[in-house]
Structure formats: structure tokens, C-alpha cells
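As provided, protein_0.txt (compact mmCIF, C-alpha atoms) reads as follows.
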```txt
# COMPACT_ATOMS: atom_id res chain seq x y z
CA MET A 1 9.40 7.90 -54.23
CA GLU A 2 7.88 5.11 -52.15
CA LEU A 3 9.69 3.97 -49.04
CA SER A 4 10.25 0.49 -50.49
CA ASP A 5 12.00 2.00 -53.53
CA THR A 6 14.15 4.48 -51.61
CA PRO A 7 17.88 3.60 -51.59
CA ALA A 8 19.47 3.22 -48.18
CA ARG A 9 21.57 6.36 -48.68
CA SER A 10 18.40 8.42 -49.27
CA LEU A 11 16.38 7.38 -46.21
CA ASP A 12 17.22 10.54 -44.27
CA LYS A 13 15.98 12.66 -47.16
CA PHE A 14 12.84 10.50 -47.40
CA ILE A 15 12.12 11.22 -43.73
CA GLU A 16 12.70 14.95 -44.19
CA ASP A 17 10.58 15.20 -47.34
CA ASN A 18 7.72 12.92 -46.32
CA LEU A 19 7.52 12.22 -42.59
CA LEU A 20 8.58 15.30 -40.61
CA PRO A 21 5.61 17.57 -39.84
CA ASP A 22 5.83 20.96 -41.56
CA THR A 23 5.27 24.25 -39.75
CA PRO A 24 1.56 24.77 -40.62
CA PHE A 25 0.78 21.19 -39.62
CA ARG A 26 2.53 21.56 -36.25
CA ARG A 27 0.80 24.89 -35.65
CA ASN A 28 -2.66 23.42 -36.33
CA VAL A 29 -2.08 20.41 -34.08
CA ARG A 30 -0.76 22.67 -31.33
CA GLU A 31 -3.85 24.89 -31.65
CA ALA A 32 -6.19 21.90 -31.48
CA ILE A 33 -4.48 20.52 -28.37
CA HIS A 34 -4.65 23.93 -26.68
CA ILE A 35 -8.39 24.18 -27.41
CA ILE A 36 -9.26 20.79 -25.92
CA SER A 37 -6.86 21.15 -22.98
CA SER A 38 -8.38 24.53 -22.09
CA PHE A 39 -11.86 23.07 -22.43
CA LEU A 40 -11.02 20.25 -20.00
CA LYS A 41 -9.38 22.54 -17.44
CA GLU A 42 -11.67 25.59 -17.61
CA ARG A 43 -15.06 24.56 -18.96
CA CYS A 44 -15.81 20.88 -18.52
CA PHE A 45 -15.69 20.56 -14.71
CA ARG A 46 -16.33 24.13 -13.60
CA ASP A 47 -19.37 23.46 -11.34
CA PRO A 48 -18.05 23.69 -7.75
CA ASP A 49 -21.06 21.74 -6.46
CA GLU A 50 -19.92 18.67 -8.38
CA GLY A 51 -16.68 18.51 -6.39
CA VAL A 52 -14.59 17.51 -9.41
CA ARG A 53 -11.21 19.17 -9.82
CA VAL A 54 -8.79 18.72 -12.72
CA SER A 55 -5.32 18.38 -11.23
CA LYS A 56 -3.58 18.38 -14.64
CA VAL A 57 -3.99 17.53 -18.31
CA VAL A 58 -1.04 15.66 -19.85
CA LYS A 59 -0.38 15.38 -23.57
CA GLY A 60 0.54 11.87 -24.68
CA GLY A 61 0.49 9.95 -27.95
CA SER A 62 2.79 10.86 -30.83
CA SER A 63 2.27 14.58 -30.23
CA GLY A 64 3.46 14.30 -26.65
CA LYS A 65 6.41 12.08 -27.53
CA GLY A 66 7.60 14.20 -30.45
CA THR A 67 7.19 11.44 -33.05
CA THR A 68 4.20 12.73 -35.05
CA LEU A 69 4.07 11.74 -38.72
CA ARG A 70 3.16 14.36 -41.28
CA GLY A 71 -0.52 14.09 -42.13
CA ARG A 72 -1.28 11.77 -39.21
CA SER A 73 -2.38 14.01 -36.37
CA ASP A 74 -3.37 12.21 -33.19
CA ALA A 75 -3.21 13.34 -29.60
CA ASP A 76 -3.88 11.55 -26.33
CA LEU A 77 -4.93 13.85 -23.53
CA VAL A 78 -4.97 12.28 -20.08
CA VAL A 79 -7.11 14.27 -17.67
CA PHE A 80 -6.38 13.59 -14.01
CA LEU A 81 -9.51 14.04 -11.90
CA SER A 82 -9.72 14.46 -8.12
CA PRO A 83 -12.47 11.84 -7.49
CA LEU A 84 -10.28 9.13 -9.07
CA THR A 85 -8.14 8.35 -6.01
CA SER A 86 -7.14 4.78 -6.85
CA PHE A 87 -6.69 2.48 -9.83
CA GLN A 88 -9.90 0.69 -8.85
CA LYS A 89 -11.88 3.94 -8.76
CA GLN A 90 -10.53 4.83 -12.19
CA LEU A 91 -11.80 1.49 -13.50
CA GLU A 92 -15.19 1.90 -11.86
CA HIS A 93 -15.92 5.56 -12.60
CA ARG A 94 -14.07 6.62 -15.75
CA GLY A 95 -17.14 5.76 -17.86
CA GLU A 96 -19.15 8.41 -16.00
CA PHE A 97 -16.52 11.05 -16.74
CA ILE A 98 -16.24 10.03 -20.39
CA LYS A 99 -20.01 10.58 -20.73
CA GLU A 100 -19.76 13.95 -18.99
CA ILE A 101 -16.89 15.14 -21.21
CA ARG A 102 -18.90 14.18 -24.29
CA ARG A 103 -21.99 15.92 -22.95
CA GLN A 104 -20.02 19.12 -22.35
CA LEU A 105 -18.39 18.98 -25.81
CA GLU A 106 -21.81 18.63 -27.42
CA ALA A 107 -23.07 21.58 -25.39
CA CYS A 108 -20.12 23.68 -26.55
CA GLN A 109 -20.99 22.88 -30.16
CA ARG A 110 -24.61 23.89 -29.68
CA GLU A 111 -23.58 27.15 -27.99
CA LYS A 112 -20.96 27.78 -30.70
CA TYR A 113 -18.33 27.97 -27.96
CA PHE A 114 -15.96 26.45 -30.52
CA LYS A 115 -15.30 27.63 -34.06
CA PHE A 116 -14.63 24.00 -34.82
CA LYS A 117 -16.62 20.85 -35.46
CA VAL A 118 -16.36 17.79 -33.25
CA LYS A 119 -17.00 14.40 -34.81
CA PHE A 120 -17.31 11.55 -32.32
CA GLU A 121 -16.20 8.02 -33.08
CA ILE A 122 -18.67 5.19 -32.61
CA GLN A 123 -17.86 3.42 -29.34
CA THR A 124 -17.23 -0.28 -29.96
CA PHE A 125 -16.59 -1.20 -26.31
CA GLU A 126 -19.17 -1.34 -23.56
CA ARG A 127 -16.72 0.22 -21.08
CA PRO A 128 -14.35 2.39 -23.16
CA ARG A 129 -11.06 3.68 -21.75
CA ALA A 130 -11.26 6.94 -23.70
CA LEU A 131 -13.53 9.39 -25.47
CA SER A 132 -12.45 9.39 -29.11
CA PHE A 133 -13.30 12.24 -31.48
CA THR A 134 -11.89 14.40 -34.26
CA LEU A 135 -11.64 18.18 -34.04
CA MET A 136 -12.06 19.71 -37.49
CA SER A 137 -11.69 23.18 -38.95
CA PRO A 138 -12.34 24.37 -42.54
CA VAL A 139 -9.09 26.35 -42.47
CA TRP A 140 -6.88 23.35 -41.70
CA PRO A 141 -5.33 21.53 -44.67
CA GLN A 142 -5.52 18.15 -42.91
CA GLU A 143 -8.81 16.38 -42.22
CA GLY A 144 -8.67 17.15 -38.52
CA VAL A 145 -6.87 16.22 -35.31
CA GLU A 146 -7.85 12.92 -33.72
CA PHE A 147 -8.15 12.89 -29.93
CA ASP A 148 -8.38 10.25 -27.26
CA VAL A 149 -9.31 11.81 -23.91
CA LEU A 150 -8.64 9.47 -21.00
CA PRO A 151 -9.80 10.15 -17.41
CA ALA A 152 -7.20 8.81 -14.98
CA PHE A 153 -6.00 8.53 -11.38
CA ASP A 154 -3.04 10.80 -10.65
CA ALA A 155 -0.78 8.03 -9.35
CA LEU A 156 2.47 9.97 -9.87
CA GLY A 157 1.36 13.17 -8.18
CA GLN A 158 4.04 15.84 -8.41
CA TRP A 159 6.70 13.71 -10.08
CA SER A 160 9.68 15.99 -10.67
CA GLY A 161 10.53 14.72 -14.15
CA ASP A 162 13.84 13.18 -13.08
CA GLY A 163 14.72 9.91 -11.40
CA LYS A 164 12.48 7.03 -10.43
CA PRO A 165 9.04 7.57 -8.88
CA ASP A 166 8.41 6.30 -5.36
CA PRO A 167 8.49 2.47 -5.64
CA ASP A 168 5.39 2.30 -3.44
CA ILE A 169 3.45 3.59 -6.46
CA TYR A 170 4.41 0.48 -8.41
CA VAL A 171 3.85 -1.83 -5.44
CA ARG A 172 0.30 -0.47 -5.25
CA LEU A 173 -0.15 -0.75 -9.03
CA ILE A 174 0.98 -4.39 -9.08
CA ARG A 175 -1.21 -5.29 -6.09
CA GLU A 176 -4.34 -3.71 -7.57
CA CYS A 177 -3.71 -5.05 -11.09
CA GLU A 178 -3.29 -8.61 -9.82
CA TRP A 179 -6.36 -8.30 -7.60
CA LEU A 180 -8.50 -6.81 -10.37
CA GLY A 181 -7.00 -8.99 -13.13
CA LYS A 182 -6.28 -5.82 -15.16
CA GLU A 183 -2.55 -5.83 -15.93
CA GLY A 184 -1.62 -3.05 -18.34
CA GLU A 185 -5.00 -1.37 -17.88
CA PHE A 186 -3.67 1.69 -16.07
CA SER A 187 -0.86 2.81 -18.36
CA PRO A 188 -2.53 6.24 -18.89
CA CYS A 189 -1.66 7.03 -15.27
CA PHE A 190 2.00 6.93 -16.31
CA THR A 191 1.75 9.00 -19.49
CA GLU A 192 4.27 11.53 -18.17
CA LEU A 193 6.87 8.77 -17.88
CA GLN A 194 6.09 7.33 -21.33
CA ARG A 195 6.40 10.78 -22.84
CA ALA A 196 9.69 11.58 -21.10
CA PHE A 197 11.15 8.18 -22.05
CA LEU A 198 10.79 8.89 -25.77
CA ARG A 199 10.85 12.67 -25.97
CA ARG A 200 14.35 12.99 -24.52
CA ARG A 201 15.89 10.82 -27.23
CA PRO A 202 18.15 12.42 -29.85
CA THR A 203 16.40 13.95 -32.86
CA LYS A 204 17.66 11.27 -35.22
CA VAL A 205 16.29 8.49 -32.99
CA LYS A 206 12.85 10.10 -33.20
CA SER A 207 13.27 10.28 -36.98
CA LEU A 208 14.07 6.56 -37.02
CA ILE A 209 10.92 5.94 -34.97
CA ARG A 210 8.95 7.90 -37.58
CA LEU A 211 10.43 5.72 -40.33
CA VAL A 212 9.50 2.51 -38.49
CA LYS A 213 6.00 3.90 -37.89
CA CYS A 214 5.68 4.69 -41.61
CA TRP A 215 6.70 1.10 -42.41
CA TYR A 216 4.24 -0.22 -39.83
CA GLN A 217 1.39 1.85 -41.26
CA GLN A 218 2.10 0.45 -44.73
CA CYS A 219 2.04 -3.07 -43.29
CA LYS A 220 -1.23 -2.27 -41.54
CA GLU A 221 -2.82 -1.00 -44.74
CA LYS A 222 -1.72 -4.11 -46.62
CA LEU A 223 -2.30 -6.80 -43.97
CA GLY A 224 -5.04 -5.43 -41.74
CA LYS A 225 -5.45 -6.93 -38.28
CA PRO A 226 -4.09 -8.60 -36.26
CA LEU A 227 -0.76 -6.83 -35.92
CA PRO A 228 1.28 -5.95 -32.82
CA ALA A 229 0.67 -2.55 -31.25
CA GLN A 230 2.56 0.33 -32.87
CA TYR A 231 3.91 1.32 -29.44
CA ALA A 232 5.73 -2.03 -29.32
CA LEU A 233 7.57 -1.10 -32.54
CA GLU A 234 8.47 2.32 -31.14
CA LEU A 235 10.01 0.72 -28.06
CA LEU A 236 11.76 -1.90 -30.19
CA THR A 237 13.34 0.97 -32.16
CA VAL A 238 14.64 2.63 -28.99
CA TYR A 239 16.03 -0.70 -27.79
CA ALA A 240 17.75 -1.34 -31.15
CA TRP A 241 19.41 2.10 -31.05
CA GLU A 242 20.47 1.82 -27.40
CA HIS A 243 22.17 -1.55 -27.89
CA GLY A 244 23.33 -1.07 -31.46
CA SER A 245 24.55 2.51 -31.66
CA GLY A 246 23.82 4.82 -28.75
CA GLU A 247 25.21 7.74 -30.78
CA THR A 248 23.38 10.89 -31.84
CA GLU A 249 24.55 10.30 -35.43
CA PHE A 250 24.18 6.87 -37.01
CA SER A 251 23.15 5.11 -40.20
CA THR A 252 19.37 5.26 -40.52
CA ALA A 253 19.39 2.25 -42.85
CA GLN A 254 21.30 0.18 -40.29
CA GLY A 255 18.88 1.16 -37.55
CA PHE A 256 15.87 0.39 -39.74
CA ARG A 257 17.27 -3.01 -40.72
CA THR A 258 18.06 -3.86 -37.10
CA VAL A 259 14.45 -3.23 -36.07
CA LEU A 260 13.12 -5.48 -38.84
CA GLU A 261 15.60 -8.21 -37.95
CA LEU A 262 14.44 -8.02 -34.33
CA VAL A 263 10.87 -8.42 -35.58
CA LEU A 264 12.02 -11.68 -37.20
CA GLU A 265 13.22 -12.77 -33.77
CA TYR A 266 9.87 -12.12 -32.07
CA GLU A 267 9.82 -15.56 -30.44
CA ARG A 268 12.94 -14.60 -28.47
CA LEU A 269 12.20 -10.96 -27.63
CA CYS A 270 12.43 -10.13 -23.94
CA ILE A 271 12.96 -6.39 -23.50
CA PHE A 272 12.57 -4.20 -20.44
CA TRP A 273 14.10 -1.09 -18.92
CA GLU A 274 14.99 -0.13 -15.34
CA LYS A 275 14.68 3.61 -15.81
CA TYR A 276 11.56 4.07 -13.69
CA TYR A 277 11.30 0.76 -11.82
CA GLY A 278 13.75 -2.03 -11.11
CA PHE A 279 14.73 -4.95 -8.92
CA GLU A 280 15.67 -3.01 -5.77
CA ASN A 281 12.24 -3.38 -4.14
CA ALA A 282 11.42 -7.00 -3.19
CA SER A 283 7.77 -6.86 -4.31
CA ILE A 284 8.59 -5.24 -7.66
CA SER A 285 11.54 -7.61 -8.19
CA LYS A 286 9.34 -10.66 -7.64
CA TYR A 287 6.78 -9.36 -10.10
CA LEU A 288 9.34 -8.39 -12.75
CA THR A 289 10.94 -11.83 -12.52
CA LYS A 290 7.54 -13.35 -13.27
CA GLN A 291 6.98 -10.93 -16.16
CA ILE A 292 10.24 -11.68 -17.94
CA LYS A 293 9.58 -15.41 -17.70
CA ARG A 294 6.39 -15.06 -19.73
CA ARG A 295 6.02 -16.57 -23.15
CA ARG A 296 7.82 -14.47 -25.74
CA PRO A 297 7.58 -11.86 -27.08
CA VAL A 298 7.86 -9.67 -24.00
CA ILE A 299 8.31 -5.90 -24.32
CA LEU A 300 7.49 -4.27 -20.99
CA ASP A 301 6.24 -0.69 -20.99
CA PRO A 302 9.15 1.29 -19.48
CA ALA A 303 6.61 3.29 -17.48
CA ASP A 304 4.33 0.41 -16.39
CA PRO A 305 5.75 -3.02 -15.43
CA THR A 306 2.29 -4.61 -15.68
CA GLY A 307 1.99 -3.78 -19.39
CA ASN A 308 3.46 -6.21 -21.91
CA VAL A 309 2.97 -4.04 -24.99
CA ALA A 310 4.00 -6.91 -27.28
CA GLY A 311 0.57 -8.41 -26.64
CA GLU A 312 -0.31 -12.08 -26.57
CA SER A 313 -0.92 -12.75 -30.27
CA GLN A 314 1.78 -14.90 -31.85
CA LEU A 315 -0.13 -14.67 -35.14
CA ALA A 316 0.13 -10.87 -35.14
CA TRP A 317 3.92 -11.04 -34.85
CA GLN A 318 4.22 -13.85 -37.36
CA ARG A 319 2.34 -11.82 -39.98
CA LEU A 320 4.52 -8.76 -39.34
CA ALA A 321 7.67 -10.93 -39.47
CA GLN A 322 6.67 -12.32 -42.87
CA GLU A 323 6.37 -8.78 -44.17
CA ALA A 324 9.67 -7.75 -42.58
CA PHE A 325 11.41 -10.70 -44.27
CA THR A 326 10.11 -9.55 -47.65
CA TRP A 327 11.18 -5.94 -47.08
CA LEU A 328 14.78 -6.85 -46.29
CA SER A 329 15.39 -7.48 -50.00
CA TYR A 330 14.15 -4.00 -51.00
CA PRO A 331 16.38 -1.09 -52.14
CA CYS A 332 16.07 0.66 -48.76
CA PHE A 333 18.43 -1.98 -47.41
CA ARG A 334 20.95 -1.82 -50.28
CA ASN A 335 24.09 0.28 -50.36
CA TRP A 336 25.19 2.28 -53.41
CA ASP A 337 27.22 -0.76 -54.62
CA GLU A 338 24.18 -3.07 -54.22
CA SER A 339 25.66 -4.77 -51.17
CA ALA A 340 23.31 -5.41 -48.25
CA VAL A 341 23.16 -2.93 -45.38
CA ARG A 342 24.47 -4.61 -42.25
CA ALA A 343 22.33 -4.57 -39.12
CA TRP A 344 23.70 -3.61 -35.71
CA ASN A 345 24.65 -6.49 -33.44
CA VAL A 346 21.72 -6.36 -31.01
CA PRO A 347 20.56 -9.25 -28.77
CA PRO A 348 16.82 -10.02 -28.80
CA GLU A 349 16.86 -10.44 -25.03
CA ALA A 350 17.80 -7.63 -22.66
CA GLY A 351 20.78 -8.70 -20.58
CA SER A 352 22.02 -11.30 -23.09
CA SER A 353 25.70 -11.07 -23.89
CA LEU A 354 26.73 -10.06 -27.39
CA GLU A 355 28.85 -13.22 -27.59
CA ALA A 356 25.80 -15.42 -26.98
CA TRP A 357 23.87 -13.41 -29.59
CA ALA A 358 26.66 -13.76 -32.17
CA GLY A 359 26.79 -17.52 -31.67
CA SER A 360 23.07 -18.08 -31.95
CA GLY A 361 22.87 -17.77 -35.75
CA SER A 362 21.38 -15.02 -37.87
CA PRO A 363 17.77 -13.90 -37.49
CA PHE A 364 17.14 -15.23 -41.01
CA CYS A 365 18.16 -18.77 -40.04
CA SER A 366 16.01 -18.64 -36.92
CA PHE A 367 13.05 -17.30 -38.90
CA GLN A 368 13.36 -20.04 -41.52
CA GLN A 369 13.63 -22.77 -38.89
CA HIS A 370 10.57 -21.57 -36.99
CA HIS A 371 8.37 -20.92 -40.00
CA LYS A 372 9.77 -23.26 -42.68
CA VAL A 373 10.05 -20.53 -45.26
CA SER A 374 9.77 -21.94 -48.77
CA HIS A 375 12.74 -21.90 -51.16
CA SER A 376 11.05 -19.37 -53.43
CA PHE A 377 10.22 -17.08 -50.50
CA SER A 378 13.72 -17.28 -49.02
CA SER A 379 15.49 -16.76 -52.33
CA HIS A 380 15.48 -13.01 -51.57
CA GLN A 381 17.55 -13.57 -48.42
CA ASP A 382 20.66 -11.40 -48.16
CA THR A 383 24.00 -13.06 -47.64
```
Show the structure stored in the file as C-alpha cells.
Amino acid sequence: MELSDTPARSLDKFIEDNLLPDTPFRRNVREAIHIISSFLKERCFRDPDEGVRVSKVVKGGSSGKGTTLRGRSDADLVVFLSPLTSFQKQLEHRGEFIKEIRRQLEACQREKYFKFKVKFEIQTFERPRALSFTLMSPVWPQEGVEFDVLPAFDALGQWSGDGKPDPDIYVRLIRECEWLGKEGEFSPCFTELQRAFLRRRPTKVKSLIRLVKCWYQQCKEKLGKPLPAQYALELLTVYAWEHGSGETEFSTAQGFRTVLELVLEYERLCIFWEKYYGFENASISKYLTKQIKRRRPVILDPADPTGNVAGESQLAWQRLAQEAFTWLSYPCFRNWDESAVRAWNVPPEAGSSLEAWAGSGSPFCSFQQHHKVSHSFSSHQDT
């Protein structure tokens, strides 16, 4: 059954049957990640005369966060290299390391160091942030595991995994980003924080994220570009759960509907977290205040205050909102008695009171006012 035809009461079963990775899939992805991680740590930079040391390799992407979709295997591997001692040096020299990693991978293929085939993606940027390729094996049922390998500056150092990093790290990040004009450029340096932020969520929250990602991928296949970044939808899902439920057990249909209704409110979204940075430090506080006054939507990366993952394209959000409006009339938002699933009461702006949110009118009314939805289009609106 397609997602759009799945009744609200069956969404959990849809996730289990269609979206959760099965054991062979997880095993193959885990094997692929081990192969490339070992290559980066043990083979790629092994010449002592080069003076390059790998301090650590961190798994990011959906594999690192625990939100992988069945059949969609992608892994970000951030390799922290000793010569990259600042954000500026990362910007200036990562291209050299991307070329070297590719050269070493090609050498491994020629020497039959791998029992796998590496297929490189065509680089479309003059100065790419990552080396993109697919690792393939004839014994894997899927078409391969897609990798992005990103050389980065180890800004966090030996972060313990708990609490906030030293605020001086963010002061330095903000200063260099503003000077270089590269806000959001250095998010790979904070992959460990991004991963921890999502991975520690309850299992059902990660299942809800998978469902939203499935919906997003269907929108992407139908609409093409431009669309907001998928990471923005993942964070929007976490925000919806935090402010709407906060429980380990909840109605998946309610959570799903809440996310789509927040998409309708994109022109009011202002979302941020204070888990890893906050307003205690004067420099960070001044910068955050400027960030949350930006034109909406604003969804700040919880690991990187310089990154507004919502992007700057109003058109991208408008197109996604049109699709969300259509979906809200589908069976996945209908109860067994055909009544509409009710969304959680979640404000589109972090810090807004629930009373102000309740008095502002429904997301549907706001969406119609902003976009002048036609009578025929809005006839599917739930009441």
C-alpha cells in the first residue's frame, strides 16, 4: 500500500513493513562503512613523510543518526586531518585532500585491495566540500552504499559526548564565518553533535523522522527542485515532537500531521535549540539574536549556529507547502470513523506561548491568506 493510501491507524505498520532497514541491509551498510573508515585511517594517509595524521573518522548522515530508510543507503564520513587546524585552512586545503583520497581509492581498485567496485560521482562544483562515490558489491541486494567523504578541521577535539562544548569554539566559528562570508560552511566539523542530537531520541521519534523523509522523497520525485533541505524536515520533526508530545509513545499520525502543518506555516518558522550553544556568552548571544531576526523560515542547526538549514528559498518552501496542503486530505490523516486526525498544538516560533499560537488562527487559514488558495484547491480542507 502506498503511503498516501495508508489509514492513519496503519502508519506504524507501514513504517515497519516499508521503511525500517532489515538485517541484511544493515549488515551490508555496516560492512561498507567499516571498509571505507579503515581505508581512511590505515591506508590513505600512511606515508609519514607527508605529515598528515587522521585524528578520527566520524560517521554522519542517516547512518550515523539512526534514521536510515530501507533501500536508501547513504553515509557521510567526516575525516579529521591534522593539517586542517582552522576553519580557514579547511576551506583552503580540503580540495587537495579530496583529490588525494580519490587518488588512493583508485589505486586500491587497481591493486585489487578491495573486493568492491567504486563508482565516483561527477563533480559539479569547482571547489567541492566532499568526495562522493558509491561502493558496490555483486553480493549486496541493494545497488550500493553512497558515500560523501568530507575532510574537516577537528574543532571539537575530545568532546566528551555530554554537555555543551567550550563556547570559545563557537566564538571562533562565528568570527571566521563572518570574516570569510561562509556561514553554515563548516557544519561537518560538528557532525558528532548533529549525530548525538538525533541519535539519542526515542525509537518512535526516529521512526517518525523516517516517515517524514519518505514523504519528502515522494515530494522530491514528483516536484523536483527547488525544495528545502531534507535535514530541515528532520529537525522540524524533532521540534514538533518536543513541543507537541515529548513522550516515548505517541500517535504517529498526529506527529506526521503536525510536521505538515508546520510546513504550511513556513513564513513564521523560527526554530533553534540551546543544547550545544546559547545566550550565556555575549558574543554568541549577539550573533544568535541577529540570526533569529532573519527573514523566515529560520531553522538553526542545533550543532552550528551559523547554519540556517531552512535555506533562503521561499519558492522551495512554497512548493513543499502546496504539496503538504494536498496531502492533509489523504487517508493517512483520517481516523477509522473518517474524522480528521488532530495535530499537536505546536507554535511555529520557538519561545512563543501556546496561548499566542492558539489565538493566531489555524495553519490552513494562514496558508490560504498568504497564497490565495483557490476554492477548488481548498475544498479538501479539513474542518
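Distance check against Thr191 (chain A) using all atoms listed in the file: of A:Trp159, A:Phe272, A:Tyr287, A:Phe45, the minimum falls on A:Trp159.
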Separating CA of Asp154 (chain A) from CA of Asp304 (chain A), to the nearest tenth of an Å, is a gap of 14.0 Å
Item to complete: For Ala155 (chain A), list every protein, DNA or RNA residue within 9 Å, evaluated using only C-alpha atoms, and leave out those in the same chain fewer than 4 positions away; present the list as an MDAnalysis selection string.
Response: chainID A and resid 85:87 169 173 189:190
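Minimum atom-to-atom distance to Asp22 (chain A), evaluated using all atoms listed in the file, belongs to A:Leu69 out of A:Cys270, A:Ile299, A:Met136, A:Leu69.
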Computed gap from CA of Gly64 (chain A) to CA of Asp166 (chain A) is 23.3 Å
Shell of 9 Å around Leu135 (chain A), only C-alpha atoms, local chain residues under 3 positions omitted, as a list of chain:residue names
A:Ala32, A:Ile36, A:Phe116, A:Lys117, A:Val118, A:Lys119, A:Phe120, A:Glu143, A:Gly144, A:Val145, A:Glu146, A:Phe147
Q.
With all atoms listed in the file as the counted atoms, please give the residues lying no more than 9 Å from region 232-235 of chain A, apart from itself and same-chain residues fewer than 6 positions off, as a PyMOL selection string.
A. chain A and resi 198+209-210+212-213+216+259+263+271+299-302+308-311
Could the residues in this selection be saved with C-alpha atoms as a PDB file, keeping the file's coordinate frame?
```
ATOM      1  CA  LEU A 198      10.790   8.890 -25.770  1.00  0.00           C
ATOM      2  CA  ILE A 209      10.920   5.940 -34.970  1.00  0.00           C
ATOM      3  CA  ARG A 210       8.950   7.900 -37.580  1.00  0.00           C
ATOM      4  CA  VAL A 212       9.500   2.510 -38.490  1.00  0.00           C
ATOM      5  CA  LYS A 213       6.000   3.900 -37.890  1.00  0.00           C
ATOM      6  CA  TYR A 216       4.240  -0.220 -39.830  1.00  0.00           C
ATOM      7  CA  VAL A 259      14.450  -3.230 -36.070  1.00  0.00           C
ATOM      8  CA  VAL A 263      10.870  -8.420 -35.580  1.00  0.00           C
ATOM      9  CA  ILE A 271      12.960  -6.390 -23.500  1.00  0.00           C
ATOM     10  CA  ILE A 299       8.310  -5.900 -24.320  1.00  0.00           C
ATOM     11  CA  LEU A 300       7.490  -4.270 -20.990  1.00  0.00           C
ATOM     12  CA  ASP A 301       6.240  -0.690 -20.990  1.00  0.00           C
ATOM     13  CA  PRO A 302       9.150   1.290 -19.480  1.00  0.00           C
ATOM     14  CA  ASN A 308       3.460  -6.210 -21.910  1.00  0.00           C
ATOM     15  CA  VAL A 309       2.970  -4.040 -24.990  1.00  0.00           C
ATOM     16  CA  ALA A 310       4.000  -6.910 -27.280  1.00  0.00           C
ATOM     17  CA  GLY A 311       0.570  -8.410 -26.640  1.00  0.00           C
TER      18      GLY A 311
END
```
Between CA of Arg175 (chain A) and CA of Leu91 (chain A) lies a distance of 14.6 Å
Using only C-alpha atoms, the shortest atom-to-atom distance to Asn335 (chain A) among A:Cys219, A:Ala321, A:Ala8, A:Leu105 belongs to A:Ala8
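Nearest to Glu183 (chain A) of all the residues A:Gly307, A:Pro165, A:Pro297, A:Pro83 is A:Gly307, based on only C-alpha atoms.
Shell of region 75-81 of chain A at 6 Å, with only C-alpha atoms counted and residues fewer than 4 places along the chain excluded, is Arg53, Val54, Ser55, Lys56, Val57, Val58, Lys59, Gly60, Gly61, Ser63, Phe147, Asp148, Val149, Leu150, Pro151, Ala152, Phe153 and Asp154 of chain A.
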